[in-house]
Every structure is written in C-alpha cells, then in structure tokens.
Amino acid sequence: MPAPVALPSADQLHLLDLWLPGAEVVHDHSWGQVERAVREVVHAGRRYIVKAGGPDDHHMAREIRAHQSWLQPWTSLGRAPLLAFADLPTRLLVTHHLSGRLVLGTEHEHAAATYRQAGELLALLHRQGGTTDEGHEARENRRTLAWLDSPHRIAGDVVARLRRLVASWPTPSTTLVPTHGDWQPRNWLVDDDGVVSIIDFGRAALRPAMTDLARLQVQQFRGRPDLERAFLEGYGADPREPGAWHRTLLREAVSTAAWAHQVGDEEFEAQGLRMVDDALAAISA
C-alpha cells in the first residue's frame, strides 16, 4: 500500500498561514477512513474548521461548490457553517465553527422534533430550483453496474439478479436539485435549545430530491414511522415516486456494500448487505 499522505500539505499550510496566521489547533475531527484532515482551530479569538484534502479527495470540490453556491438558505439562518476561505486547487476549505453536538447517539436522534426540523431544512435546500436531466437514470445504472464489477461480498446469485434488474430499469428524464448526499444524524448538530443545524457537504451534488431520504429510510426510519411522519411534515411533501424510489434504494444498497468492503468497514458493509436484501424484498413484495 502507498504511504499515507501527510496532511495538511506544505501548500495547504502556506495558505493557512496567509489566511489564519498563528492559528492554534484545538481539536482533531479527522475521520481516518478518507484522505482528509479536519481540524478545529482558534485564530484571533474565533473558532474555525479547517478541511485539508489529499490528492485523491474528490469530495472536496463538491464541498467547496456547496459552500459557494447552495448553502445560503441555511447560513442566513445560522444553520450551516459560514464559508471563510476556500482554494480548490489545493483542496483546502476553512469555515467558521458552528456550535452544537452531533445528533447521532444522543436523545435527539430519537425525537420527532429533530426530524421535523431536518425536513424543514432539507426543503430549503431542495427548493432552490431544479434542472431536467435526460441521462441521469442511465448514468446511475452504469454506476451500479460498475460497483458490481468492483470488489465486494454480495453473493453471486444476488449479483446476477441485480444485473437483470438494472438491465430492465427504465431511464426517464429526471429533475435534479441541490442535495446534501449524506442526510442523516451524523451530519446534524443540535444546540442546547434543540435547534438543528447541518454540516459536512462532501457528497453534495445535483440529484433527485428523494435520494436525500435514502439513508434515513434504512436507518432511523426503520421501525419508527413517527420519525418519518415528522420528517415529511417538516419537508411539506413526500418526494418519493415508488418506481424511482425502489431503484434509488437498491443503488444505495449496492454502493454501500461495495464501498464499505473496499475500505474495510465491516459494520457498514453488513448494513449494506442488509440493505440489498431489504431492497430486493421490497421489489418482490
């Protein structure tokens, strides 16, 4: 295996010294599974989050684009981090620190009020305007087949069935809107007053609105229809068209199972394999 990339790099450190000279690192929030350093720093009495991506961190471009183009409905309310500095060529991003604690693993993860707010916030993102894409479904089908061609531990007979399904799927035109791409409690913050805010935009992209519900569907909504109802009440509608929704869940399942296997996350891989089984069962029902 190649040696780990040292982050921040010399070029990134040079920019940081120009932007925040003498900044002190007070906490390391790096995840460890991706080529990215995430540090909380203090400069002139203010806190910032610094994200430094490596050469293969293709998510940084998405994150910078989201901050520059799509987050104003949230930042105007103080519900997402405000951009301070960004440099795409060096894959470096600095945002103002947003106070709060992660919703994941707290009592707020199981509270309907959290999901009502999450629905309201997601609607603000999605309703900024959409574009019609004639080729989206065909591209997503190719991506799913590519995941099936990559290393994974999905059973051979299941793979054969998945390939037949993908080949049978229609490819209608699709409306794409700005999406977060990883909409779940691990990317939501809650403050002492129970107000929810949003972080981490490395998967932000133009997609069908319904895709932002996929991870909630297979996690927090399982066995909790009250949370799903609260979310949809906040969102104001249900964006899930049944046929496209089944395709979305199956694509998400395949990519989760394959990606988690490739990065060695066995717990997430097990979730992905379960998602495959659940999505196939729903199609057969």
# chains A, B, ... in the order shown; residues from 1 in each chain; ligands from 1
call {"tool": "select_by_dssp", "arguments": {"residues": "stretch 34-281 of chain A", "states": "strand (DSSP E or B)", "output": "ChimeraX atom specification"}}
result
/A:36-43,46-53,83-87,92-96,101-102,131-133,174-179,188-190,196-198,205-207
call {"tool": "closest_atom_pairs", "arguments": {"of": "stretch 18-115 of chain A", "to": "stretch 209-233 of chain A", "cutoff": "10 Å", "atoms": "only C-alpha atoms", "output": "CSV"}}
result
residue,atom,partner,partner_atom,distance
A:Glu109,CA,A:Gln220,CA,8.0
A:His110,CA,A:Leu227,CA,7.6
A:Ala111,CA,A:Leu227,CA,7.3
A:Ala112,CA,A:Leu227,CA,5.1
A:Ala113,CA,A:Ala230,CA,7.2
A:Thr114,CA,A:Phe231,CA,8.2
A:Tyr115,CA,A:Phe231,CA,4.6
call {"tool": "residues_around", "arguments": {"residues": "stretch 152-154 of chain A", "least_positions_apart": "6", "cutoff": "9 Å", "atoms": "only C-alpha atoms", "output": "PyMOL selection string"}}
result
chain A and resi 254+257-262+269+273+276
call {"tool": "write_last_selection", "arguments": {"atoms": "C-alpha atoms", "output": "PDB file, in the first residue's frame"}}
result
ATOM      1  CA  VAL A 254     -25.068  -1.826  -3.712  1.00  0.00           C
ATOM      2  CA  ALA A 257     -21.957  -2.758   0.492  1.00  0.00           C
ATOM      3  CA  ALA A 258     -19.156  -2.416  -2.053  1.00  0.00           C
ATOM      4  CA  TRP A 259     -17.632   0.806  -0.717  1.00  0.00           C
ATOM      5  CA  ALA A 260     -17.645  -0.389   2.895  1.00  0.00           C
ATOM      6  CA  HIS A 261     -15.969  -3.648   1.878  1.00  0.00           C
ATOM      7  CA  GLN A 262     -13.274  -1.778  -0.026  1.00  0.00           C
ATOM      8  CA  GLU A 269     -20.644  -3.453   4.974  1.00  0.00           C
ATOM      9  CA  LEU A 273     -25.689  -6.239   2.579  1.00  0.00           C
ATOM     10  CA  VAL A 276     -29.528  -5.121  -0.559  1.00  0.00           C
TER      11      VAL A 276
END
call {"tool": "atom_distance", "arguments": {"atom1": "atom CA of A:His246", "atom2": "atom CA of A:Gly119"}}
result
20.8 Å
call {"tool": "closest_atom_pairs", "arguments": {"of": "stretch 176-266 of chain A", "to": "stretch 53-63 of chain A", "cutoff": "6 Å", "atoms": "only C-alpha atoms", "output": "tab-separated table"}}
result
residue	atom	partner	partner_atom	distance
A:Phe201	CA	A:Glu63	CA	4.7
A:Gly202	CA	A:Glu63	CA	4.4
A:Ala204	CA	A:Arg62	CA	5.7
call {"tool": "residues_around", "arguments": {"residues": "stretch 187-197 of chain A", "least_positions_apart": "6", "cutoff": "6 Å", "atoms": "only C-alpha atoms", "output": "list of chain:residue names"}}
result
A:Arg79, A:Ala80, A:Gly100, A:Arg101, A:Leu102, A:Val103
call {"tool": "closest_residue", "arguments": {"among": "A:Ile198, A:Val38, A:Leu162, A:Ala253", "to": "A:Leu77", "atoms": "only C-alpha atoms"}}
result
A:Ile198
call {"tool": "select_by_dssp", "arguments": {"residues": "stretch 101-167 of chain A", "states": "alpha helix (DSSP H)", "output": "ChimeraX atom specification"}}
result
/A:112-126,136-149,156-167
call {"tool": "atom_distance", "arguments": {"atom1": "atom CA of A:Ser9", "atom2": "atom CA of A:Ala52"}}
result
8.0 Å
call {"tool": "atom_distance", "arguments": {"atom1": "atom CA of A:Leu93", "atom2": "atom CA of A:Glu35"}}
result
14.1 Å
call {"tool": "closest_residue", "arguments": {"among": "A:Val42, A:Leu249, A:Leu88, A:Ala244", "to": "A:Met275", "atoms": "only C-alpha atoms"}}
result
A:Leu249
call {"tool": "residues_around", "arguments": {"residues": "A:Leu13", "least_positions_apart": "5", "cutoff": "12 Å", "atoms": "only C-alpha atoms", "output": "PyMOL selection string"}}
result
chain A and resi 6-8+18-23+37+50-53+90-93
call {"tool": "residues_around", "arguments": {"residues": "A:Thr131", "least_positions_apart": "5", "cutoff": "10 Å", "atoms": "only C-alpha atoms", "output": "PyMOL selection string"}}
result
chain A and resi 174-178+206-208
